[in-house]
file data_16.cif (mmCIF, C-alpha atoms)
data_protein
#
loop_
_atom_site.label_atom_id
_atom_site.label_comp_id
_atom_site.auth_asym_id
_atom_site.auth_seq_id
_atom_site.Cartn_x
_atom_site.Cartn_y
_atom_site.Cartn_z
CA MET A 4 50.62 -24.37 10.79
CA ALA A 5 50.68 -23.78 7.01
CA LEU A 6 48.27 -25.18 4.44
CA THR A 7 49.69 -26.12 1.10
CA LEU A 8 47.43 -26.28 -1.94
CA THR A 9 48.66 -28.10 -4.98
CA LEU A 10 46.97 -27.18 -8.24
CA THR A 11 46.92 -30.04 -10.67
CA GLY A 12 45.29 -30.11 -14.12
CA PRO A 13 41.78 -31.08 -12.91
CA ARG A 14 41.92 -28.61 -9.99
CA ILE A 15 42.99 -25.77 -12.30
CA ALA A 16 40.11 -26.61 -14.67
CA ALA A 17 37.62 -26.64 -11.80
CA LEU A 18 38.93 -23.34 -10.46
CA ALA A 19 38.77 -21.74 -13.92
CA THR A 20 35.21 -22.98 -14.46
CA THR A 21 34.14 -21.59 -11.09
CA ALA A 22 35.69 -18.20 -11.93
CA VAL A 23 33.97 -18.04 -15.32
CA LEU A 24 30.59 -18.92 -13.80
CA ALA A 25 31.01 -16.38 -10.99
CA ILE A 26 31.87 -13.62 -13.46
CA GLY A 27 29.24 -14.57 -16.05
CA THR A 28 26.29 -15.12 -13.69
CA PRO A 29 25.37 -11.43 -13.14
CA THR A 30 25.38 -10.93 -16.90
CA ALA A 31 23.10 -13.93 -17.40
CA TYR A 32 20.63 -12.70 -14.78
CA ALA A 33 20.70 -9.19 -16.24
CA ALA A 34 19.77 -10.63 -19.63
CA LEU A 35 16.73 -12.35 -18.10
CA ASP A 36 15.54 -9.05 -16.62
CA SER A 37 16.01 -7.01 -19.78
CA ASP A 38 13.19 -5.92 -22.03
CA SER A 39 15.02 -7.13 -25.12
CA GLY A 40 12.55 -9.99 -25.43
CA SER A 41 15.25 -12.41 -26.48
CA ALA A 42 15.93 -13.97 -23.07
CA THR A 43 12.35 -14.64 -21.94
CA ALA A 44 8.99 -14.83 -23.61
CA LYS A 45 6.50 -12.18 -22.53
CA ARG A 46 3.53 -13.92 -20.99
CA GLY A 47 0.00 -12.59 -21.22
CA ALA A 48 -1.74 -9.85 -23.11
CA PRO A 49 -1.10 -6.11 -22.70
CA TYR A 50 -3.47 -4.63 -20.12
CA VAL A 51 -3.95 -1.48 -18.09
CA GLU A 52 -4.25 -1.85 -14.33
CA THR A 53 -6.16 1.00 -12.73
CA ARG A 54 -6.21 1.42 -8.97
CA LEU A 55 -8.71 3.72 -7.31
CA PHE A 56 -8.35 4.76 -3.67
CA PHE A 57 -11.54 5.62 -1.79
CA GLY A 58 -11.52 7.31 1.59
CA THR A 59 -14.35 6.77 4.06
CA GLU A 60 -14.23 9.81 6.36
CA ARG A 61 -16.44 12.69 5.31
CA PRO A 62 -14.87 16.16 5.30
CA ASP A 63 -18.19 17.65 6.40
CA GLY A 64 -18.05 15.61 9.61
CA GLY A 65 -20.85 13.23 8.60
CA PRO A 66 -20.73 9.51 9.38
CA ALA A 67 -17.99 7.46 7.71
CA VAL A 68 -18.84 5.34 4.67
CA THR A 69 -19.66 1.82 5.90
CA ASP A 70 -18.67 -1.49 4.32
CA LYS A 71 -22.30 -2.03 3.32
CA GLN A 72 -22.47 1.40 1.63
CA PHE A 73 -19.18 0.87 -0.22
CA MET A 74 -20.14 -2.60 -1.48
CA SER A 75 -23.49 -1.21 -2.60
CA PHE A 76 -21.58 1.50 -4.49
CA VAL A 77 -19.39 -1.18 -6.14
CA ASN A 78 -22.43 -3.25 -7.12
CA GLU A 79 -24.41 -0.32 -8.52
CA GLU A 80 -21.75 2.03 -9.93
CA VAL A 81 -18.71 -0.14 -10.79
CA THR A 82 -19.89 -3.64 -11.67
CA PRO A 83 -22.14 -2.56 -14.58
CA SER A 84 -19.07 -1.10 -16.34
CA PHE A 85 -16.66 -3.85 -15.24
CA PRO A 86 -18.71 -7.07 -15.04
CA ASP A 87 -15.76 -9.31 -15.97
CA GLY A 88 -14.11 -8.79 -12.59
CA LEU A 89 -12.48 -6.46 -10.12
CA THR A 90 -10.75 -6.59 -6.75
CA VAL A 91 -11.56 -4.63 -3.60
CA GLN A 92 -9.04 -4.42 -0.77
CA ASN A 93 -9.45 -2.84 2.66
CA GLY A 94 -6.80 -0.34 3.63
CA ARG A 95 -5.68 2.40 5.94
CA GLY A 96 -4.71 5.61 4.23
CA GLN A 97 -3.49 9.06 4.94
CA TRP A 98 -3.18 12.26 2.96
CA ARG A 99 -2.73 15.98 3.49
CA ASP A 100 -5.97 17.91 3.03
CA SER A 101 -6.31 21.37 1.47
CA ASN A 102 -5.80 22.97 4.91
CA GLY A 103 -2.47 21.16 5.40
CA LYS A 104 -3.83 18.72 7.99
CA ILE A 105 -2.81 15.04 7.81
CA GLU A 106 -5.96 12.96 7.54
CA ARG A 107 -5.92 9.25 8.44
CA GLU A 108 -8.82 7.01 7.55
CA ARG A 109 -10.09 3.56 6.71
CA SER A 110 -10.07 3.20 2.94
CA TYR A 111 -10.71 0.89 0.01
CA GLU A 112 -8.54 0.10 -2.97
CA LEU A 113 -10.37 -0.93 -6.13
CA ILE A 114 -8.30 -2.69 -8.79
CA LEU A 115 -9.55 -2.83 -12.37
CA MET A 116 -7.74 -4.54 -15.27
CA TYR A 117 -8.70 -4.18 -18.91
CA PRO A 118 -7.02 -4.66 -22.30
CA THR A 119 -5.00 -1.66 -23.46
CA ALA A 120 -7.14 -1.60 -26.61
CA GLU A 121 -10.11 -0.65 -24.36
CA ALA A 122 -8.34 2.21 -22.54
CA ALA A 123 -10.12 4.99 -24.45
CA LYS A 124 -13.51 3.40 -23.70
CA ARG A 125 -12.69 2.67 -20.03
CA ASP A 126 -11.30 6.09 -19.10
CA PRO A 127 -14.66 7.94 -19.06
CA GLN A 128 -16.26 5.03 -17.18
CA ILE A 129 -13.57 5.25 -14.50
CA GLU A 130 -13.89 9.01 -14.28
CA THR A 131 -17.66 8.63 -13.78
CA ILE A 132 -17.01 6.20 -10.91
CA ARG A 133 -14.65 8.69 -9.25
CA LYS A 134 -17.09 11.58 -9.75
CA GLU A 135 -20.07 9.63 -8.37
CA TYR A 136 -18.22 8.51 -5.22
CA ARG A 137 -17.10 12.08 -4.53
CA ARG A 138 -20.67 13.30 -5.02
CA MET A 139 -22.42 10.54 -3.05
CA TYR A 140 -20.10 10.58 -0.05
CA ALA A 141 -18.95 14.23 0.02
CA GLN A 142 -15.33 13.33 -0.71
CA ASP A 143 -12.61 15.77 -1.74
CA SER A 144 -11.03 13.25 -4.10
CA VAL A 145 -10.64 9.66 -5.26
CA ALA A 146 -7.02 8.94 -6.16
CA ARG A 147 -6.25 7.08 -9.40
CA SER A 148 -3.16 5.20 -10.54
CA ASP A 149 -2.74 3.59 -13.98
CA ASP A 150 -0.01 1.13 -14.96
CA ARG A 151 0.66 -0.92 -18.06
CA THR A 152 1.04 -4.62 -17.34
CA ARG A 153 0.69 -8.04 -18.94
CA VAL A 154 -2.12 -10.35 -17.84
CA ASP A 155 -2.60 -14.06 -18.33
CA PHE A 156 -5.77 -15.74 -17.05
#
call {"tool": "encode", "arguments": {"input": "data_16.cif", "output": "C-alpha coordinates"}}
result
Amino acid sequence: MALTLTLTGPRIAALATTAVLAIGTPTAYAALDSDSGSATAKRGAPYVETRLFFGTERPDGGPAVTDKQFMSFVNEEVTPSFPDGLTVQNGRGQWRDSNGKIERERSYELILMYPTAEAAKRDPQIETIRKEYRRMYAQDSVARSDDRTRVDF
(Lines of atoms letter the chains of each structure in order from A and count residues from 1; the text may use other names and numbers.)
(Lines give C-alpha, C1' and ligand atoms only; values in the text may rest on other atoms or scores of the structure.)
Protein backbone atom coordinates (compact mmCIF):
# COMPACT_ATOMS: atom_id res chain seq x y z
CA MET A 1 0.00 0.00 0.00
CA ALA A 2 1.52 3.36 -1.02
CA LEU A 3 0.89 6.73 0.59
CA THR A 4 0.77 9.71 -1.68
CA LEU A 5 1.45 13.18 -0.30
CA THR A 6 0.42 16.15 -2.33
CA LEU A 7 2.19 19.40 -1.51
CA THR A 8 0.02 22.39 -2.19
CA GLY A 9 0.88 26.04 -1.51
CA PRO A 10 -0.25 26.08 2.16
CA ARG A 11 1.41 22.70 2.86
CA ILE A 12 4.70 23.86 1.33
CA ALA A 13 4.58 27.03 3.46
CA ALA A 14 3.91 25.01 6.61
CA LEU A 15 6.73 22.58 5.80
CA ALA A 16 9.15 25.45 5.11
CA THR A 17 8.20 27.19 8.37
CA THR A 18 8.74 23.98 10.33
CA ALA A 19 12.17 23.50 8.73
CA VAL A 20 13.24 27.08 9.51
CA LEU A 21 12.12 26.75 13.14
CA ALA A 22 13.86 23.39 13.55
CA ILE A 23 17.11 24.77 12.17
CA GLY A 24 16.94 28.11 14.00
CA THR A 25 15.91 26.81 17.44
CA PRO A 26 19.37 25.62 18.60
CA THR A 27 20.80 28.99 17.64
CA ALA A 28 18.10 30.81 19.61
CA TYR A 29 18.72 28.70 22.71
CA ALA A 30 22.48 29.15 22.37
CA ALA A 31 21.97 32.92 22.35
CA LEU A 32 20.01 32.71 25.62
CA ASP A 33 22.88 30.82 27.26
CA SER A 34 25.63 33.13 26.06
CA ASP A 35 27.35 35.69 28.24
CA SER A 36 26.88 38.39 25.63
CA GLY A 37 24.28 40.04 27.84
CA SER A 38 22.11 40.93 24.88
CA ALA A 39 19.73 37.96 25.05
CA THR A 40 18.92 38.01 28.77
CA ALA A 41 19.26 40.48 31.58
CA LYS A 42 21.63 39.45 34.35
CA ARG A 43 19.67 39.23 37.56
CA GLY A 44 21.13 40.02 40.95
CA ALA A 45 24.31 41.55 42.23
CA PRO A 46 27.81 40.06 41.85
CA TYR A 47 28.67 37.90 44.85
CA VAL A 48 31.22 35.34 45.95
CA GLU A 49 29.93 32.01 47.20
CA THR A 50 32.35 30.29 49.56
CA ARG A 51 31.81 26.69 50.60
CA LEU A 52 33.70 25.22 53.52
CA PHE A 53 33.79 21.47 54.15
CA PHE A 54 34.25 20.33 57.75
CA GLY A 55 35.04 16.74 58.66
CA THR A 56 33.99 15.31 62.01
CA GLU A 57 36.35 12.37 62.60
CA ARG A 58 39.47 13.20 64.56
CA PRO A 59 42.78 11.93 63.16
CA ASP A 60 44.06 11.40 66.70
CA GLY A 61 41.27 8.88 67.33
CA GLY A 62 39.32 11.14 69.68
CA PRO A 63 35.52 11.32 69.65
CA ALA A 64 33.86 12.68 66.50
CA VAL A 65 32.61 16.26 66.46
CA THR A 66 28.92 16.22 67.45
CA ASP A 67 26.08 18.27 65.97
CA LYS A 68 25.93 20.27 69.20
CA GLN A 69 29.67 21.03 69.04
CA PHE A 70 29.51 22.03 65.37
CA MET A 71 26.51 24.33 65.85
CA SER A 72 28.24 25.90 68.84
CA PHE A 73 31.28 26.48 66.60
CA VAL A 74 29.03 28.12 63.96
CA ASN A 75 27.38 30.34 66.58
CA GLU A 76 30.62 31.44 68.22
CA GLU A 77 33.17 31.47 65.37
CA VAL A 78 31.18 32.02 62.14
CA THR A 79 28.05 34.03 62.93
CA PRO A 80 29.91 37.06 64.38
CA SER A 81 31.66 37.54 61.01
CA PHE A 82 28.64 36.57 58.88
CA PRO A 83 25.55 37.73 60.80
CA ASP A 84 23.51 38.39 57.63
CA GLY A 85 23.11 34.68 56.94
CA LEU A 86 24.68 31.37 56.08
CA THR A 87 23.66 27.81 55.28
CA VAL A 88 24.79 24.59 56.95
CA GLN A 89 24.19 21.24 55.25
CA ASN A 90 24.88 17.76 56.60
CA GLY A 91 26.96 15.54 54.38
CA ARG A 92 29.00 12.40 53.99
CA GLY A 93 32.50 12.95 52.71
CA GLN A 94 35.62 11.10 51.84
CA TRP A 95 39.20 12.06 51.14
CA ARG A 96 42.66 10.52 50.97
CA ASP A 97 44.75 11.30 54.04
CA SER A 98 48.50 11.98 54.08
CA ASN A 99 49.16 8.23 54.53
CA GLY A 100 47.18 7.36 51.38
CA LYS A 101 44.21 5.91 53.29
CA ILE A 102 40.66 6.74 52.13
CA GLU A 103 38.82 8.33 55.03
CA ARG A 104 35.01 8.42 55.10
CA GLU A 105 33.16 10.56 57.59
CA ARG A 106 30.08 12.54 58.48
CA SER A 107 30.68 16.14 57.47
CA TYR A 108 29.20 19.62 57.25
CA GLU A 109 29.11 22.03 54.35
CA LEU A 110 28.96 25.71 55.28
CA ILE A 111 27.86 28.10 52.52
CA LEU A 112 28.66 31.80 52.80
CA MET A 113 27.68 34.46 50.24
CA TYR A 114 28.97 38.01 50.24
CA PRO A 115 29.30 40.86 47.71
CA THR A 116 32.43 40.66 45.57
CA ALA A 117 33.35 44.14 46.82
CA GLU A 118 33.80 42.58 50.30
CA ALA A 119 36.05 39.70 49.16
CA ALA A 120 39.28 41.25 50.48
CA LYS A 121 37.67 41.82 53.89
CA ARG A 122 36.02 38.37 54.03
CA ASP A 123 39.04 36.29 53.05
CA PRO A 124 40.93 36.66 56.36
CA GLN A 125 37.70 36.05 58.29
CA ILE A 126 37.15 32.79 56.40
CA GLU A 127 40.75 31.73 56.90
CA THR A 128 40.37 32.34 60.65
CA ILE A 129 37.28 30.10 60.68
CA ARG A 130 39.20 27.32 58.92
CA LYS A 131 42.21 27.69 61.24
CA GLU A 132 40.06 27.67 64.41
CA TYR A 133 38.14 24.53 63.40
CA ARG A 134 41.37 22.70 62.62
CA ARG A 135 42.80 23.78 65.98
CA MET A 136 39.70 23.09 68.09
CA TYR A 137 38.90 19.68 66.62
CA ALA A 138 42.37 18.40 65.66
CA GLN A 139 41.56 18.37 61.95
CA ASP A 140 44.10 18.01 59.14
CA SER A 141 42.20 20.43 56.92
CA VAL A 142 39.00 22.31 56.12
CA ALA A 143 38.41 22.40 52.36
CA ARG A 144 37.40 25.68 50.72
CA SER A 145 35.76 26.41 47.38
CA ASP A 146 35.05 29.92 46.02
CA ASP A 147 32.83 30.75 43.05
CA ARG A 148 31.60 33.98 41.53
CA THR A 149 27.83 34.14 41.23
CA ARG A 150 24.93 36.57 41.03
CA VAL A 151 22.52 36.86 43.96
CA ASP A 152 19.07 38.37 44.16
CA PHE A 153 17.23 38.42 47.50
call {"tool": "resolve_selection", "arguments": {"input": "data_16.cif", "expression": "the PyMOL selection byres ((chain A and resi 124-126) around 12)", "output": "JSON, numbers by chain"}}
result
{"A": [50, 51, 52, 53, 81, 84, 85, 115, 116, 117, 118, 119, 120, 121, 122, 123, 127, 128, 129, 130, 131, 132, 133, 147, 148, 149]}
call {"tool": "resolve_selection", "arguments": {"input": "data_16.cif", "expression": "the PyMOL selection byres ((chain A and resi 56) around 9)", "output": "list in words"}}
result
Arg54, Leu55, Phe57, Gly58, Gly96, Ser110, Tyr111, Glu112, Leu113, Ser144, Val145, Ala146, Arg147 and Ser148 of chain A
call {"tool": "atom_distance", "arguments": {"input": "data_16.cif", "atom1": "CA of Pro62 in chain A", "atom2": "CA of Asp150 in chain A"}}
result
29.3 Å
call {"tool": "atom_distance", "arguments": {"input": "data_16.cif", "atom1": "CA of Glu79 in chain A", "atom2": "CA of Asp143 in chain A"}}
result
21.1 Å
call {"tool": "resolve_selection", "arguments": {"input": "data_16.cif", "expression": "the PyMOL selection byres ((chain A and resi 67) around 12)", "output": "NGL selection string"}}
result
:A and (57-66 or 68-73 or 108-110 or 140-142)
call {"tool": "residues_around", "arguments": {"input": "data_16.cif", "residues": "Phe156 in chain A", "least_positions_apart": "3", "cutoff": "12 Å", "atoms": "all atoms listed in the file", "output": "list in words"}}
result
Arg46, Gly47, Ala48, Tyr50, Asp87, Gly88, Met116 and Arg153 of chain A
call {"tool": "closest_residue", "arguments": {"input": "data_16.cif", "among": "A:Tyr136, A:Pro49, A:Glu80, A:Arg95", "to": "Arg107 in chain A", "atoms": "all atoms listed in the file"}}
result
A:Arg95
